[in-house]
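Have a look at target-v2.cif below; it lists mmCIF, C-alpha atoms and all ligand atoms.
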data_final
loop_
_atom_site.label_atom_id
_atom_site.label_comp_id
_atom_site.auth_asym_id
_atom_site.auth_seq_id
_atom_site.Cartn_x
_atom_site.Cartn_y
_atom_site.Cartn_z
CA MET A 1 41.70 -24.06 38.56
CA LYS A 2 43.56 -22.37 35.71
CA ILE A 3 44.14 -18.68 36.51
CA SER A 4 45.50 -16.34 33.83
CA ILE A 5 46.68 -12.96 35.08
CA VAL A 6 47.07 -10.39 32.29
CA GLY A 7 49.77 -7.90 33.37
CA GLY A 8 52.76 -8.25 35.68
CA GLY A 9 52.72 -4.86 37.41
CA LEU A 10 52.59 -4.64 41.20
CA GLY A 11 48.93 -5.73 41.30
CA GLY A 12 49.28 -8.81 39.09
CA LEU A 13 52.52 -9.92 40.75
CA THR A 14 51.04 -9.54 44.24
CA LEU A 15 48.04 -11.63 43.20
CA ALA A 16 50.32 -14.39 41.87
CA ARG A 17 52.49 -14.31 45.01
CA VAL A 18 49.64 -14.44 47.54
CA LEU A 19 48.00 -17.22 45.52
CA HIS A 20 51.31 -19.12 45.58
CA VAL A 21 51.71 -18.65 49.34
CA ASN A 22 48.22 -20.16 49.70
CA GLY A 23 48.99 -23.11 47.46
CA VAL A 24 47.22 -21.90 44.30
CA GLN A 25 49.04 -21.80 40.96
CA SER A 26 48.60 -19.05 38.37
CA THR A 27 50.34 -17.71 35.27
CA VAL A 28 51.14 -14.04 34.72
CA TYR A 29 51.38 -12.80 31.11
CA GLU A 30 53.48 -9.62 30.92
CA LEU A 31 54.28 -7.77 27.74
CA ASP A 32 57.61 -6.37 29.03
CA ALA A 33 60.54 -8.57 28.06
CA SER A 34 61.88 -8.58 31.64
CA PRO A 35 61.25 -6.87 35.01
CA THR A 36 63.91 -4.29 34.17
CA ALA A 37 62.97 -3.76 30.52
CA ARG A 38 62.00 -0.14 31.10
CA ASP A 39 62.26 2.54 33.77
CA GLN A 40 59.93 1.24 36.46
CA GLY A 41 58.97 4.64 37.87
CA GLY A 42 59.78 6.39 41.09
CA THR A 43 59.43 5.83 44.77
CA LEU A 44 56.19 4.73 46.48
CA ASP A 45 55.15 5.15 50.09
CA MET A 46 53.70 1.90 51.37
CA HIS A 47 50.59 2.37 53.49
CA GLU A 48 50.06 0.22 56.56
CA GLU A 49 46.52 -0.88 55.68
CA SER A 50 47.15 -1.62 51.98
CA GLY A 51 50.68 -1.93 50.54
CA GLN A 52 52.22 -3.10 53.82
CA ARG A 53 49.35 -5.47 54.52
CA ALA A 54 49.82 -6.98 51.05
CA LEU A 55 53.52 -7.49 51.72
CA ARG A 56 52.76 -9.23 55.02
CA GLU A 57 50.23 -11.57 53.38
CA ALA A 58 52.81 -12.22 50.65
CA GLY A 59 55.37 -13.21 53.31
CA LEU A 60 57.70 -10.50 51.99
CA PHE A 61 57.60 -7.89 54.73
CA ASP A 62 61.20 -8.47 55.89
CA GLN A 63 62.48 -8.23 52.32
CA PHE A 64 60.55 -4.97 51.94
CA ARG A 65 61.95 -3.56 55.20
CA ALA A 66 65.48 -4.34 53.97
CA VAL A 67 65.10 -1.91 51.07
CA ALA A 68 62.56 0.56 52.53
CA ARG A 69 63.73 4.12 53.19
CA ASP A 70 62.24 5.64 56.34
CA GLU A 71 64.01 8.93 55.65
CA GLY A 72 62.05 9.09 52.39
CA GLU A 73 58.98 10.09 54.41
CA ALA A 74 60.45 13.61 54.75
CA MET A 75 58.28 16.17 52.95
CA ARG A 76 58.60 19.82 51.94
CA LEU A 77 55.72 21.85 50.61
CA MET A 78 56.17 25.34 49.19
CA ASP A 79 54.67 27.72 46.69
CA GLY A 80 56.31 28.81 43.46
CA ARG A 81 58.19 31.66 45.12
CA GLY A 82 59.77 29.14 47.49
CA THR A 83 57.75 30.13 50.59
CA VAL A 84 57.78 26.95 52.69
CA TYR A 85 54.51 25.81 54.35
CA ILE A 86 55.58 22.37 55.56
CA ASP A 87 59.12 21.17 56.22
CA ASP A 88 58.77 17.78 57.82
CA VAL A 89 62.39 16.69 57.59
CA ALA A 90 62.40 14.00 60.26
CA PRO A 91 58.97 12.40 60.58
CA GLU A 92 58.44 9.44 62.88
CA PRO A 93 59.95 6.48 61.01
CA GLY A 94 57.96 3.43 60.07
CA GLY A 95 54.56 4.90 59.24
CA ARG A 96 54.68 5.01 55.47
CA PRO A 97 58.24 4.14 54.39
CA GLU A 98 59.27 4.75 50.81
CA VAL A 99 60.49 2.06 48.48
CA ASP A 100 61.65 2.25 44.89
CA ARG A 101 59.12 0.58 42.61
CA LYS A 102 61.97 -1.26 40.89
CA GLU A 103 62.97 -2.88 44.20
CA LEU A 104 59.41 -3.82 45.09
CA LYS A 105 58.94 -5.46 41.72
CA ARG A 106 62.24 -7.35 42.08
CA ILE A 107 61.20 -8.72 45.48
CA LEU A 108 57.87 -9.94 44.10
CA VAL A 109 59.36 -11.46 40.94
CA GLU A 110 62.12 -13.27 42.87
CA SER A 111 59.52 -14.75 45.23
CA LEU A 112 57.59 -16.53 42.46
CA PRO A 113 58.35 -20.05 41.24
CA ALA A 114 60.19 -20.13 37.90
CA GLY A 115 57.80 -19.98 34.97
CA THR A 116 55.00 -18.19 36.85
CA VAL A 117 55.62 -15.01 34.86
CA ARG A 118 55.79 -15.25 31.10
CA TRP A 119 57.82 -12.23 30.04
CA GLY A 120 57.48 -10.73 26.57
CA ALA A 121 53.94 -12.14 26.42
CA LYS A 122 51.56 -9.55 25.00
CA VAL A 123 47.92 -10.58 25.34
CA THR A 124 46.21 -9.57 22.12
CA SER A 125 42.64 -10.67 22.73
CA VAL A 126 40.57 -11.91 25.63
CA THR A 127 37.26 -13.68 26.29
CA PRO A 128 35.95 -14.60 29.77
CA SER A 129 37.43 -18.09 29.32
CA THR A 130 40.45 -17.58 27.02
CA ILE A 131 43.36 -15.29 26.37
CA THR A 132 45.36 -15.09 23.17
CA VAL A 133 49.07 -14.55 23.52
CA GLY A 134 51.67 -14.86 20.75
CA GLY A 135 49.14 -16.58 18.50
CA GLU A 136 48.37 -19.22 21.18
CA THR A 137 44.92 -19.43 22.80
CA VAL A 138 45.02 -20.35 26.49
CA GLU A 139 41.85 -21.76 28.13
CA SER A 140 41.28 -20.29 31.59
CA ASP A 141 38.82 -20.77 34.46
CA LEU A 142 39.56 -17.20 35.53
CA VAL A 143 41.00 -14.25 33.59
CA VAL A 144 42.22 -11.35 35.75
CA GLY A 145 42.84 -8.00 34.06
CA ALA A 146 45.83 -6.56 35.91
CA ASP A 147 46.93 -4.79 32.76
CA GLY A 148 46.81 -1.18 33.85
CA ALA A 149 45.27 1.99 32.47
CA TRP A 150 44.59 0.80 28.92
CA SER A 151 43.41 -2.66 29.92
CA LYS A 152 42.54 -5.14 27.16
CA VAL A 153 40.39 -7.08 29.65
CA ARG A 154 38.24 -4.15 30.85
CA PRO A 155 35.95 -4.05 27.77
CA LEU A 156 34.63 -7.50 28.77
CA LEU A 157 33.14 -5.88 31.84
CA SER A 158 32.60 -2.20 31.15
CA ASP A 159 32.47 0.47 28.45
CA ALA A 160 34.43 2.96 30.59
CA ARG A 161 37.60 4.49 29.18
CA PRO A 162 40.21 6.61 30.95
CA ILE A 163 39.46 10.32 30.70
CA TYR A 164 42.19 12.97 30.47
CA SER A 165 42.35 14.86 33.77
CA GLY A 166 43.41 18.22 32.30
CA LEU A 167 46.87 17.85 33.85
CA SER A 168 50.05 16.84 32.05
CA PHE A 169 53.43 15.92 33.49
CA VAL A 170 56.89 16.18 32.06
CA GLU A 171 59.16 13.78 33.92
CA ILE A 172 62.84 14.68 34.34
CA HIS A 173 65.74 13.31 36.41
CA LEU A 174 68.90 14.53 38.02
CA SER A 175 71.48 11.74 38.34
CA ASP A 176 74.12 11.10 41.01
CA VAL A 177 72.88 14.14 42.87
CA ASP A 178 75.09 13.94 45.98
CA ALA A 179 78.22 14.20 43.84
CA LYS A 180 76.98 16.21 40.87
CA HIS A 181 74.12 18.35 42.22
CA PRO A 182 74.62 18.74 46.00
CA ASP A 183 72.56 21.97 46.07
CA ALA A 184 69.59 20.26 44.46
CA ALA A 185 70.03 17.27 46.82
CA ALA A 186 69.92 19.58 49.85
CA PHE A 187 66.99 21.57 48.46
CA VAL A 188 64.81 18.48 47.80
CA GLY A 189 65.97 16.63 50.94
CA PRO A 190 65.78 12.87 51.54
CA GLY A 191 62.06 12.56 50.69
CA SER A 192 59.63 14.55 48.57
CA MET A 193 59.35 18.23 47.72
CA PHE A 194 56.24 19.83 46.24
CA ALA A 195 56.06 23.39 44.88
CA LEU A 196 52.59 24.41 43.67
CA ASP A 197 51.52 27.72 42.16
CA HIS A 198 49.70 29.30 39.20
CA GLY A 199 48.18 25.98 38.10
CA LYS A 200 51.63 24.41 37.86
CA GLY A 201 53.77 22.20 40.04
CA VAL A 202 57.33 21.04 40.55
CA MET A 203 57.11 17.73 42.39
CA ALA A 204 60.47 16.16 43.21
CA GLN A 205 61.32 12.93 44.99
CA ARG A 206 64.59 11.41 46.08
CA ASN A 207 64.99 7.87 44.73
CA GLY A 208 67.12 5.09 46.23
CA ASP A 209 69.49 5.03 43.25
CA GLY A 210 71.04 8.46 43.87
CA ARG A 211 68.64 10.22 41.53
CA ILE A 212 66.06 12.93 42.00
CA ARG A 213 62.95 12.34 39.88
CA VAL A 214 60.90 15.44 39.12
CA TYR A 215 57.38 15.64 37.73
CA LEU A 216 56.70 19.07 36.22
CA ALA A 217 52.92 19.39 36.29
CA ILE A 218 51.10 21.75 33.94
CA ARG A 219 47.42 22.29 33.32
CA ALA A 220 46.70 21.87 29.62
CA GLU A 221 43.42 21.41 27.80
CA ASP A 222 44.92 19.27 25.07
CA GLU A 223 46.17 15.92 26.32
CA ASN A 224 48.69 15.75 23.46
CA TRP A 225 50.14 19.20 24.07
CA ALA A 226 53.06 18.19 26.32
CA GLY A 227 54.06 15.43 23.92
CA THR A 228 53.80 17.51 20.76
CA GLU A 229 54.31 21.21 21.59
CA LEU A 230 56.50 21.06 24.68
CA VAL A 231 58.75 18.01 24.54
CA ASP A 232 60.83 17.26 21.48
CA PRO A 233 62.98 14.18 22.23
CA ALA A 234 65.24 15.10 19.31
CA ASP A 235 65.88 18.58 20.70
CA PRO A 236 66.49 18.51 24.46
CA VAL A 237 68.05 22.00 24.38
CA GLN A 238 64.87 23.65 23.08
CA THR A 239 62.69 21.45 25.32
CA ARG A 240 64.61 22.60 28.39
CA LEU A 241 64.33 26.26 27.31
CA ARG A 242 60.56 25.92 26.80
CA LEU A 243 60.19 24.39 30.26
CA LEU A 244 62.32 27.10 31.87
CA GLU A 245 60.16 29.72 30.18
CA LEU A 246 56.97 27.99 31.36
CA PHE A 247 58.25 28.04 34.95
CA ASP A 248 59.76 31.56 34.77
CA ASP A 249 57.53 32.67 37.67
CA PHE A 250 58.99 29.97 39.95
CA ALA A 251 61.94 30.55 42.31
CA GLU A 252 65.50 29.88 41.13
CA PRO A 253 66.14 26.66 43.10
CA LEU A 254 63.00 25.20 41.50
CA ARG A 255 64.03 26.31 38.01
CA GLY A 256 67.49 24.94 38.84
CA LEU A 257 66.02 21.44 38.90
CA ILE A 258 65.00 21.93 35.26
CA ALA A 259 68.30 23.55 34.32
CA ASP A 260 70.39 20.74 35.90
CA ALA A 261 68.27 17.79 34.74
CA ASP A 262 69.59 15.07 32.43
CA ALA A 263 68.69 15.62 28.77
CA THR A 264 65.72 13.22 28.85
CA PHE A 265 62.20 14.63 29.05
CA VAL A 266 59.21 12.29 29.23
CA PRO A 267 55.70 13.70 28.68
CA ARG A 268 52.81 12.01 30.54
CA ALA A 269 49.15 12.97 30.23
CA ILE A 270 47.33 12.08 33.46
CA HIS A 271 44.14 10.07 32.94
CA ALA A 272 41.55 8.60 35.30
CA LEU A 273 38.55 6.30 35.06
CA PRO A 274 35.25 7.79 36.21
CA VAL A 275 35.05 7.94 40.01
CA GLY A 276 33.00 4.99 41.23
CA HIS A 277 33.70 2.84 38.15
CA ARG A 278 32.18 -0.61 38.63
CA TRP A 279 30.57 -3.38 36.64
CA THR A 280 28.01 -6.15 36.83
CA ARG A 281 29.49 -9.59 37.46
CA VAL A 282 30.55 -11.47 34.34
CA PRO A 283 31.47 -15.12 35.06
CA GLY A 284 35.18 -15.95 34.95
CA VAL A 285 36.66 -12.47 34.63
CA THR A 286 37.58 -9.56 36.89
CA LEU A 287 39.93 -6.57 37.12
CA LEU A 288 42.31 -5.18 39.69
CA GLY A 289 44.50 -2.11 40.18
CA ASP A 290 44.58 0.57 37.48
CA ALA A 291 42.56 -1.63 35.13
CA ALA A 292 39.69 -1.39 37.64
CA HIS A 293 40.15 2.09 39.10
CA LEU A 294 42.79 4.21 37.36
CA MET A 295 43.14 7.48 39.25
CA SER A 296 45.52 10.43 39.21
CA PRO A 297 48.49 10.11 41.60
CA PHE A 298 47.15 12.80 43.97
CA ALA A 299 45.93 10.43 46.65
CA GLY A 300 49.15 8.34 46.55
CA GLU A 301 46.99 5.21 46.57
CA GLY A 302 47.15 3.59 43.11
CA ALA A 303 50.00 1.12 43.68
CA ASN A 304 48.94 0.49 47.28
CA LEU A 305 45.41 -0.36 46.17
CA ALA A 306 46.62 -2.54 43.28
CA MET A 307 48.60 -4.61 45.80
CA LEU A 308 45.68 -4.77 48.21
CA ASP A 309 43.34 -5.82 45.37
CA GLY A 310 45.76 -8.60 44.41
CA THR A 311 45.92 -9.76 48.03
CA ASP A 312 42.18 -9.70 48.64
CA LEU A 313 41.42 -11.47 45.39
CA ALA A 314 44.02 -14.17 46.13
CA LEU A 315 42.68 -14.75 49.64
CA ALA A 316 39.09 -14.92 48.38
CA LEU A 317 40.07 -17.46 45.71
CA ALA A 318 42.12 -19.51 48.18
CA ALA A 319 39.27 -19.60 50.72
CA GLY A 320 37.84 -22.64 48.96
CA SER A 321 34.47 -21.43 47.71
CA ASP A 322 33.64 -21.41 43.99
CA VAL A 323 35.18 -18.78 41.70
CA GLU A 324 32.04 -16.65 41.36
CA THR A 325 31.55 -16.44 45.15
CA ALA A 326 35.19 -15.39 45.50
CA LEU A 327 34.90 -12.74 42.77
CA THR A 328 31.72 -11.33 44.30
CA ALA A 329 33.35 -11.08 47.73
CA TYR A 330 36.45 -9.39 46.25
CA GLU A 331 34.53 -6.87 44.14
CA THR A 332 32.07 -6.05 46.94
CA ALA A 333 34.99 -4.93 49.14
CA MET A 334 37.04 -3.36 46.36
CA PHE A 335 34.45 -1.08 44.68
CA PRO A 336 33.72 1.26 47.63
CA ARG A 337 37.33 1.64 48.79
CA ALA A 338 38.45 2.38 45.22
CA GLU A 339 35.66 4.93 44.86
CA GLU A 340 36.74 6.71 48.04
CA ALA A 341 40.40 6.91 46.93
CA ALA A 342 39.44 7.98 43.39
CA HIS A 343 37.24 10.72 44.83
CA ASP A 344 40.08 11.98 47.07
CA SER A 345 42.50 11.86 44.19
CA ALA A 346 40.19 13.83 41.85
CA THR A 347 39.50 16.43 44.58
CA ASN A 348 43.18 16.80 45.47
CA LEU A 349 44.09 17.35 41.84
CA VAL A 350 41.68 20.27 41.56
CA GLU A 351 42.66 21.74 44.95
CA CYS A 352 46.40 21.55 44.31
CA PHE A 353 46.23 23.33 40.96
CA GLU A 354 43.79 26.12 41.82
CA PRO A 355 45.39 29.42 42.91
CA GLY A 356 46.77 29.12 46.46
CA GLY A 357 47.17 25.34 46.10
CA ALA A 358 50.21 25.07 48.38
CA GLN A 359 48.52 26.93 51.25
CA ARG A 360 45.35 24.93 50.84
CA LEU A 361 47.21 21.61 50.78
CA ALA A 362 49.16 22.66 53.89
CA GLY A 363 45.83 23.39 55.61
CA VAL A 364 44.41 20.02 54.61
CA MET A 365 47.52 18.22 55.85
CA ALA A 366 47.56 20.14 59.10
CA GLY A 367 43.87 19.24 59.57
C1 LIG B 401 53.49 9.79 37.89
C2 LIG B 401 52.83 8.78 38.76
C3 LIG B 401 53.14 8.71 40.10
C4 LIG B 401 52.51 7.76 40.93
N1 LIG B 401 52.82 7.74 42.27
C5 LIG B 401 52.19 6.84 43.07
C6 LIG B 401 52.48 6.79 44.48
O1 LIG B 401 53.29 7.57 44.99
N2 LIG B 401 51.84 5.87 45.24
C7 LIG B 401 50.93 4.98 44.71
O2 LIG B 401 50.37 4.16 45.46
N3 LIG B 401 50.64 5.01 43.39
C8 LIG B 401 51.24 5.90 42.56
N4 LIG B 401 50.95 5.93 41.23
C9 LIG B 401 49.94 4.99 40.69
C10 LIG B 401 50.58 3.63 40.40
O3 LIG B 401 51.67 3.79 39.54
C11 LIG B 401 49.56 2.70 39.74
O4 LIG B 401 48.33 2.80 40.38
C12 LIG B 401 50.05 1.25 39.83
O5 LIG B 401 51.23 1.07 39.09
C13 LIG B 401 48.98 0.29 39.31
O6 LIG B 401 49.48 -1.02 39.30
P1 LIG B 401 48.86 -2.10 38.33
O7 LIG B 401 49.60 -3.36 38.63
O8 LIG B 401 47.38 -2.07 38.45
O9 LIG B 401 49.16 -1.57 36.87
P2 LIG B 401 50.53 -1.29 36.13
O10 LIG B 401 51.61 -0.93 37.07
O11 LIG B 401 50.22 -0.32 35.04
O12 LIG B 401 50.91 -2.69 35.48
C14 LIG B 401 50.20 -3.20 34.39
C15 LIG B 401 51.11 -4.17 33.66
O13 LIG B 401 50.37 -4.78 32.60
C16 LIG B 401 51.20 -4.90 31.47
N5 LIG B 401 50.32 -5.00 30.30
C17 LIG B 401 49.54 -4.03 29.77
N6 LIG B 401 48.88 -4.49 28.70
C18 LIG B 401 49.25 -5.79 28.56
C19 LIG B 401 48.92 -6.80 27.61
N7 LIG B 401 48.06 -6.57 26.60
N8 LIG B 401 49.50 -8.04 27.75
C20 LIG B 401 50.38 -8.29 28.76
N9 LIG B 401 50.73 -7.35 29.67
C21 LIG B 401 50.17 -6.11 29.58
C22 LIG B 401 52.06 -3.64 31.51
O14 LIG B 401 53.26 -3.81 30.78
C23 LIG B 401 52.31 -3.49 33.00
O15 LIG B 401 53.50 -4.13 33.43
C24 LIG B 401 51.55 6.87 40.39
C25 LIG B 401 51.24 6.94 39.03
C26 LIG B 401 51.87 7.88 38.22
C27 LIG B 401 51.50 7.95 36.74
#
Produce structure tokens that represent the structure in this file.
Amino acid sequence: MKISIVGGGLGGLTLARVLHVNGVQSTVYELDASPTARDQGGTLDMHEESGQRALREAGLFDQFRAVARDEGEAMRLMDGRGTVYIDDVAPEPGGRPEVDRKELKRILVESLPAGTVRWGAKVTSVTPSTITVGGETVESDLVVGADGAWSKVRPLLSDARPIYSGLSFVEIHLSDVDAKHPDAAAFVGPGSMFALDHGKGVMAQRNGDGRIRVYLAIRAEDENWAGTELVDPADPVQTRLRLLELFDDFAEPLRGLIADADATFVPRAIHALPVGHRWTRVPGVTLLGDAAHLMSPFAGEGANLAMLDGTDLALALAAGSDVETALTAYETAMFPRAEEAAHDSATNLVECFEPGGAQRLAGVMAG
């Protein structure tokens, strides 16, 4: 069976690894030139029933534990004035440990036989039985779209397109925080810190590389606004001033994260597929992860689900039945769980950015 996996994110790599562990070969086509070609994003908490289960099935749980950060589970929740509602500095370790996405990707890539991932391989067109990459057409018994939000494979199955959520992020970093920004390091703590108020948020997370990564969240009707009106990569001084002005009703330690950040500002409009996105079976092709069920990050499930999808699909394919039976079994389990997470994520987004979001979130978490 010739399996072509389009996209080497966490979902596609997990699929390839669990297939390999079960004696099935596949090829991953990834447009990035290497696993470290770009910033791989922040820290992820691995959930027992999804991300951790995937790592166990992949035979990589020990490697994961070696780089996981239990202290990263610490969480602070406050409003814009700095009134703290939750300060869970020392949660029970082991429940949902954090891991840097870069490390997780490295573990998966290193576990695959040489040649499984074709780096720098942008798939330019797809049919249910072929993919075209670098001018070459590759025949396939199965094409898996693991190619994220703007999937090239999805149109074979569905007309759905990601919809702008009404929320935009500007991503900033503070580097070498223990030495250079000890006050910010103490304020954020070893895990995550969320400050929500007035339809805005400062969401900071400690990463394993000595950095604090901060997502500044702003409600904006125009999905291009943050990238055109707010962030000017050529003028970080003015960008920083505009952000400080936008968050002038937030407490000083929160504004301090903006003031002390490195001079790189990355705008990100947050999109999601319609909740409950699904399709009718088309022979020889399926989707997983964000390609199947892109959602906003407010359920903390996207990467966990992508890894679980990859695992379930691999196990279904390795079970020995024909491809269509395996795809039906995989999709039947995947659709409802993705719908539930997408629903939670959409609800959480609204709840967090309505007035009183921090108090409400604290109530939900206490419940
Ligand atoms: C700000 C933010 C914070 C988040 N925080 C969390 C969190 O805390 N916990 C969590 O579980 N989830 C989180 N998520 C969601 C998570 O990042 C995604 O759900 C997850 O990365 C999806 O994995 P994937 O493998 O499906 O897709 P992706 O990670 O998007 O990977 C897709 C891959 O396909 C490649 N590709 C795309 N097109 C092509 C092509 N034509 N040819 C070849 N390759 C292609 C891309 O280069 C990419 O490597 C967050 C998301 C955001 C935006």
task: Compile the contact shell of Pro274 in chain A as a PyMOL selection string: residues with an atom at most 12 Å away, counting only C-alpha atoms, same-chain residues fewer than 6 positions apart removed.
output: chain A and resi 158-165+290-296+338-343+345-346
- prompt: For the atom pair CA of Gly289 in chain A and CA of Met334 in chain A, what is the interatomic distance in Å to one decimal place?
  reply: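 Interatomic distance, CA of Gly289 in chain A to CA of Met334 in chain A: 9.8 Å.
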Residue among A:Ala179, A:Ile107, A:Ala220, A:Ala269 lying closest to Phe61 in chain A, counting only C-alpha atoms: A:Ile107
task: Using only C-alpha atoms and all ligand atoms, determine which residues fall within 7 Å of ligand LIG 401 (chain B), then list them as number ranges by chain.
output: A: 6-12, 29-32, 43-45, 121-124, 146-152, 270, 288-291, 294, 296-297, 300-306
- prompt: What is the distance, in Å and to one decimal place, between CA of Ser175 in chain A and CA of Gly256 in chain A?
  reply: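 About the pair CA of Ser175 in chain A and CA of Gly256 in chain A: they are 13.8 Å apart.
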query: Excluding same-chain residues fewer than 5 positions from Gly51 in chain A, what lies within 7 Å of it counting only C-alpha atoms, as a ChimeraX atom specification?
result: /A:46,304,307-308
Write a file of the just-selected residues containing C-alpha atoms, as an mmCIF file, keeping the file's coordinate frame.
data_model
loop_
_atom_site.group_PDB
_atom_site.id
_atom_site.type_symbol
_atom_site.label_atom_id
_atom_site.label_comp_id
_atom_site.auth_asym_id
_atom_site.auth_seq_id
_atom_site.Cartn_x
_atom_site.Cartn_y
_atom_site.Cartn_z
ATOM 1 C CA MET A 46 53.700 1.900 51.370
ATOM 2 C CA ASN A 304 48.940 0.490 47.280
ATOM 3 C CA MET A 307 48.600 -4.610 45.800
ATOM 4 C CA LEU A 308 45.680 -4.770 48.210
#
- prompt: Hey, what's within 10 Å of Asp249 in chain A if we count only C-alpha atoms and toss same-chain stuff fewer than 6 positions away? As JSON, numbers by chain, please?
  reply: {"A": [80, 81, 197, 198, 255]}
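Among the candidate residues A:Gly201, A:Pro336, A:Pro355, A:Pro97, the one lying nearest to Ala251 in chain A is A:Gly201, with distances computed using all atoms listed in the file.
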message: For a test of reading the model, state the distance in Å between CA of His271 in chain A and CA of Leu167 in chain A, rounded to one decimal.
response: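 Atom-to-atom, CA of His271 in chain A to CA of Leu167 in chain A, that is 8.3 Å.
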Contact residues around range 205-214 of chain A with all atoms listed in the file at 6 Å, ignoring same-chain residues under 3 positions, as a list in words: Thr43, Glu171, Ile172, His173, Leu174, Ser175, Asp176, Val177, Pro190, Gly191 and Ser192 of chain A
